[in-house]
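Have a look at start.csv below; it lists CSV, C-alpha atoms.
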```
chain,number,residue,atom,x,y,z
A,1033,MET,CA,0.0,0.0,0.0
A,1034,LYS,CA,2.8,2.4,0.8
A,1035,SER,CA,4.6,1.7,-2.5
A,1036,THR,CA,1.4,2.4,-4.4
A,1037,ALA,CA,1.1,5.8,-2.6
A,1038,ALA,CA,4.7,6.5,-3.3
A,1039,ILE,CA,4.3,5.8,-7.0
A,1040,LEU,CA,1.1,7.9,-7.2
A,1041,LEU,CA,2.9,10.8,-5.5
A,1042,THR,CA,5.8,10.5,-7.9
A,1043,VAL,CA,3.5,10.5,-10.9
A,1044,ILE,CA,1.7,13.6,-9.6
A,1045,MET,CA,5.0,15.4,-8.9
A,1046,CYS,CA,6.1,14.7,-12.5
A,1047,PHE,CA,2.9,16.2,-13.9
A,1048,VAL,CA,3.3,19.3,-11.7
A,1049,LEU,CA,6.9,19.8,-12.7
A,1050,ALA,CA,6.1,19.3,-16.4
A,1051,SER,CA,3.4,21.9,-16.3
A,1052,CYS,CA,5.8,24.5,-14.9
A,1053,GLY,CA,8.2,24.2,-17.8
A,1054,LYS,CA,9.1,26.8,-20.4
A,1055,ALA,CA,7.3,27.5,-23.6
A,1056,ASP,CA,8.2,25.8,-26.8
A,1057,PRO,CA,10.7,27.6,-29.0
A,1058,ILE,CA,9.2,30.5,-31.0
A,1059,VAL,CA,7.6,29.6,-34.3
A,1060,LEU,CA,8.7,31.9,-37.2
A,1061,PRO,CA,8.1,31.8,-40.9
A,1062,ASP,CA,10.8,30.6,-43.2
A,1063,ARG,CA,13.2,33.5,-44.2
A,1064,ASP,CA,12.6,32.8,-47.9
A,1065,ASN,CA,8.9,33.6,-47.3
A,1066,ILE,CA,9.5,37.1,-45.8
A,1067,ALA,CA,9.0,40.1,-48.1
A,1068,ASN,CA,9.6,42.8,-45.5
A,1069,ILE,CA,9.1,43.7,-41.8
A,1070,SER,CA,7.1,46.8,-40.7
A,1071,VAL,CA,8.0,48.1,-37.3
A,1072,VAL,CA,5.3,50.1,-35.5
A,1073,ILE,CA,6.6,52.4,-32.7
A,1074,ASP,CA,4.2,54.9,-31.1
A,1075,GLY,CA,1.9,54.8,-34.2
A,1076,GLU,CA,4.8,55.4,-36.6
A,1077,ILE,CA,5.3,52.7,-39.2
A,1078,ILE,CA,8.8,52.0,-40.7
A,1079,TYR,CA,9.1,49.4,-43.5
A,1080,HIS,CA,12.3,47.4,-43.6
A,1081,GLU,CA,13.2,45.5,-46.8
A,1082,ASP,CA,16.9,45.3,-46.3
A,1083,SER,CA,17.9,41.7,-46.3
A,1084,ALA,CA,20.8,42.1,-43.9
A,1085,TRP,CA,18.6,43.9,-41.4
A,1086,ILE,CA,15.8,41.3,-41.7
A,1087,ASP,CA,18.3,38.4,-41.4
A,1088,CYS,CA,19.8,39.9,-38.3
A,1089,VAL,CA,16.5,40.7,-36.6
A,1090,MET,CA,15.0,37.3,-37.5
A,1091,SER,CA,18.1,35.5,-36.2
A,1092,GLY,CA,17.9,37.4,-32.9
A,1093,ILE,CA,14.2,36.6,-32.5
A,1094,ALA,CA,14.8,32.9,-33.4
A,1095,ASP,CA,17.5,32.8,-30.6
A,1096,ALA,CA,15.2,34.3,-28.0
A,1097,GLU,CA,14.9,32.0,-24.9
A,1098,PRO,CA,11.5,30.6,-24.0
A,1099,THR,CA,10.1,31.7,-20.6
A,1100,SER,CA,7.5,30.2,-18.4
A,1101,LYS,CA,5.2,33.2,-19.0
A,1102,GLU,CA,2.1,32.6,-21.2
A,1103,SER,CA,0.7,34.8,-23.9
A,1104,VAL,CA,-3.0,34.8,-23.6
A,1105,HIS,CA,-3.9,38.1,-25.2
A,1106,ASP,CA,-3.8,39.6,-28.7
A,1107,VAL,CA,-1.3,42.2,-27.5
A,1108,PRO,CA,1.2,42.3,-24.6
A,1109,GLN,CA,-0.2,43.5,-21.3
A,1110,VAL,CA,2.4,46.3,-20.9
A,1111,ASP,CA,2.1,50.0,-21.5
A,1112,ASP,CA,4.7,50.3,-24.3
A,1113,TYR,CA,5.5,47.8,-26.9
A,1114,ILE,CA,6.8,47.6,-30.5
A,1115,LYS,CA,4.7,45.7,-33.1
A,1116,LEU,CA,6.6,43.8,-35.8
A,1117,ASN,CA,4.5,42.8,-38.8
A,1118,ILE,CA,6.5,40.2,-40.7
A,1119,GLN,CA,5.0,40.5,-44.1
A,1120,LEU,CA,5.0,37.2,-45.9
A,1121,TYR,CA,4.3,36.3,-49.5
A,1122,GLY,CA,0.7,35.5,-48.8
A,1123,GLY,CA,0.1,36.6,-45.2
A,1124,VAL,CA,1.5,38.3,-42.2
A,1125,SER,CA,3.0,37.1,-38.9
A,1126,THR,CA,2.9,39.5,-35.9
A,1127,VAL,CA,5.2,39.6,-32.9
A,1128,PHE,CA,5.7,42.2,-30.2
A,1129,ALA,CA,8.9,43.4,-28.5
A,1130,TYR,CA,9.0,45.2,-25.2
A,1131,GLU,CA,11.1,45.9,-22.1
A,1132,LYS,CA,9.9,45.0,-18.7
A,1133,ASP,CA,11.8,45.0,-15.4
A,1134,GLY,CA,15.2,45.5,-17.2
A,1135,LYS,CA,14.7,42.6,-19.5
A,1136,TYR,CA,13.6,42.4,-23.2
A,1137,TYR,CA,10.9,40.2,-24.5
A,1138,ILE,CA,9.4,39.1,-27.8
A,1139,GLU,CA,5.8,38.0,-27.5
A,1140,GLN,CA,4.0,35.9,-30.1
A,1141,PRO,CA,0.3,36.0,-29.3
A,1142,TYR,CA,-1.1,32.8,-27.9
A,1143,GLN,CA,2.2,31.1,-28.6
A,1144,GLY,CA,4.6,32.3,-25.9
A,1145,ILE,CA,6.8,35.0,-24.4
A,1146,TYR,CA,10.5,34.8,-25.0
A,1147,GLU,CA,13.5,36.6,-23.6
A,1148,LEU,CA,15.2,38.7,-26.3
A,1149,ASP,CA,18.8,39.8,-26.2
A,1150,SER,CA,19.5,43.5,-25.8
A,1151,ASP,CA,21.3,43.8,-29.1
A,1152,THR,CA,18.3,42.6,-31.2
A,1153,TYR,CA,16.0,44.9,-29.2
A,1154,SER,CA,18.4,47.8,-29.8
A,1155,ARG,CA,18.5,47.0,-33.5
A,1156,ILE,CA,14.7,47.1,-33.7
A,1157,ILE,CA,14.6,50.4,-31.8
A,1158,GLU,CA,17.6,52.0,-33.5
A,1159,LEU,CA,16.4,51.5,-37.1
A,1160,GLY,CA,12.8,52.1,-36.2
A,1161,VAL,CA,13.7,55.6,-34.8
A,1162,ASN,CA,16.3,56.6,-37.3
A,1163,LYS,CA,14.6,55.7,-40.6
```
Can the structure from this file be put into structure tokens for me?
Amino acid sequence: MKSTAAILLTVIMCFVLASCGKADPIVLPDRDNIANISVVIDGEIIYHEDSAWIDCVMSGIADAEPTSKESVHDVPQVDDYIKLNIQLYGGVSTVFAYEKDGKYYIEQPYQGIYELDSDTYSRIIELGVNK
């Protein structure tokens, strides 16, 4: 009887620990399918068609680390965010970048929230402001 209870407790603990894990890696479109990226900062839209910029930003986003935070809204629940519309040949994929508590995040609605490196965030902000 004690061994059955121990096994049951072990199984329950495994389920609890598994549910507290990090999100799956971010799902991004194939680079060959991206026409441009529009960056929306404070209502201003900047279109980026430069392949080097797109490659760098997409690589940075792809390297973002999954967090245990969930994305359960259409837009991030923070005051200031940057909207990135990844224009595809035949559709659009939207992600959001923002800073919170000294960390940078990329949020894919209903998919997950990922920690973004400061260099990628700076590249998004820098070219978004300077173009």
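The closest residue to Asp1074 of chain A, picked from A:Met1090, A:Leu1148, A:Ile1114, A:Ile1157 and counting all atoms listed in the file, is A:Ile1114.
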Shell around Asp1087 of chain A at 10 Å using all atoms listed in the file, local window under 5 positions removed, as a ChimeraX atom specification | /A:1063,1066,1082,1092-1093
Restrict the selected residues to C-alpha atoms and save them as an mmCIF file, in the frame of the given file.
```
data_model
loop_
_atom_site.group_PDB
_atom_site.id
_atom_site.type_symbol
_atom_site.label_atom_id
_atom_site.label_comp_id
_atom_site.auth_asym_id
_atom_site.auth_seq_id
_atom_site.Cartn_x
_atom_site.Cartn_y
_atom_site.Cartn_z
ATOM 1 C CA ARG A 1063 13.200 33.500 -44.200
ATOM 2 C CA ILE A 1066 9.500 37.100 -45.800
ATOM 3 C CA ASP A 1082 16.900 45.300 -46.300
ATOM 4 C CA GLY A 1092 17.900 37.400 -32.900
ATOM 5 C CA ILE A 1093 14.200 36.600 -32.500
#
```
May I ask which of the residues A:Ile1156, A:Ile1073, A:Val1124, A:Leu1116 is the closest one to Val1089 of chain A, counting only C-alpha atoms?
->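 Ranking A:Ile1156, A:Ile1073, A:Val1124, A:Leu1116 by distance to Val1089 of chain A, first place goes to A:Ile1156.
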Point out the residue among A:Ser1125, A:Asp1095, A:Asn1068, A:Asp1111 with the least atom-to-atom distance to Ser1150 of chain A, counting all atoms listed in the file.
-> A:Asp1095
What does the distance from atom CA of Val1110 of chain A to atom CA of Ser1070 of chain A come to in Å, to one decimal?
->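 Between atom CA of Val1110 of chain A and atom CA of Ser1070 of chain A the gap works out to 20.4 Å.
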What is the distance, in Å and to one decimal place, between atom CA of Ala1096 of chain A and atom CA of Asp1149 of chain A?
->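 Separating atom CA of Ala1096 of chain A from atom CA of Asp1149 of chain A is a distance of 6.8 Å.
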Report the closest atom pair, with its distance in Å rounded to one decimal, for each residue of segment 1057-1093 of chain A that has an atom no farther than 10 Å from segment 1127-1133 of chain A; count all atoms listed in the file, sort by chain and then rising residue number, and write it as JSON lines.
```
{"residue": "A:Leu1060", "atom": "CA", "partner": "A:Val1127", "partner_atom": "CA", "distance": 9.5}
{"residue": "A:Val1071", "atom": "CA", "partner": "A:Phe1128", "partner_atom": "CA", "distance": 9.5}
{"residue": "A:Val1072", "atom": "CA", "partner": "A:Phe1128", "partner_atom": "CA", "distance": 9.5}
{"residue": "A:Ile1093", "atom": "CA", "partner": "A:Val1127", "partner_atom": "CA", "distance": 9.5}
```
What separates atom CA of Ile1069 of chain A and atom CA of Gln1119 of chain A is a distance of 5.7 Å
May I ask which of the residues A:Ile1078, A:Ala1094, A:Ala1084, A:Val1104 is the closest one to Pro1057 of chain A, counting all atoms listed in the file?
->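 Of A:Ile1078, A:Ala1094, A:Ala1084, A:Val1104, the one nearest Pro1057 of chain A is A:Ala1094, counting all atoms listed in the file.
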Nearest to Asp1112 of chain A, chosen from A:Arg1155, A:Thr1126, A:Thr1099, A:Tyr1136, with all atoms listed in the file counted in the distances =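 So, comparing all the options, the nearest one is A:Tyr1136.
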Can you report as lines of an AutoDock Vina configuration file the centre and edge lengths in Å, to one decimal, of an axis-aligned box around the listed atoms of segment 1076-1087 of chain A padded with 8 Å on each side?
```
center_x = 12.8
center_y = 46.9
center_z = -41.7
size_x = 32.0
size_y = 33.0
size_z = 26.2
```
Selected residue of minimal separation from Ile1118 of chain A among A:Ile1145, A:Ala1067, A:Ile1077, A:Ile1138, counting all atoms listed in the file =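 Looking at the shortest contact to Ile1118 of chain A, the residue is A:Ala1067.
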For Ile1058 of chain A, list every protein, DNA or RNA residue within 8 Å, evaluated using all atoms listed in the file, and leave out those in the same chain fewer than 6 positions away; present the list as a ChimeraX atom specification.
-> /A:1094,1096,1098,1140,1143-1144,1146
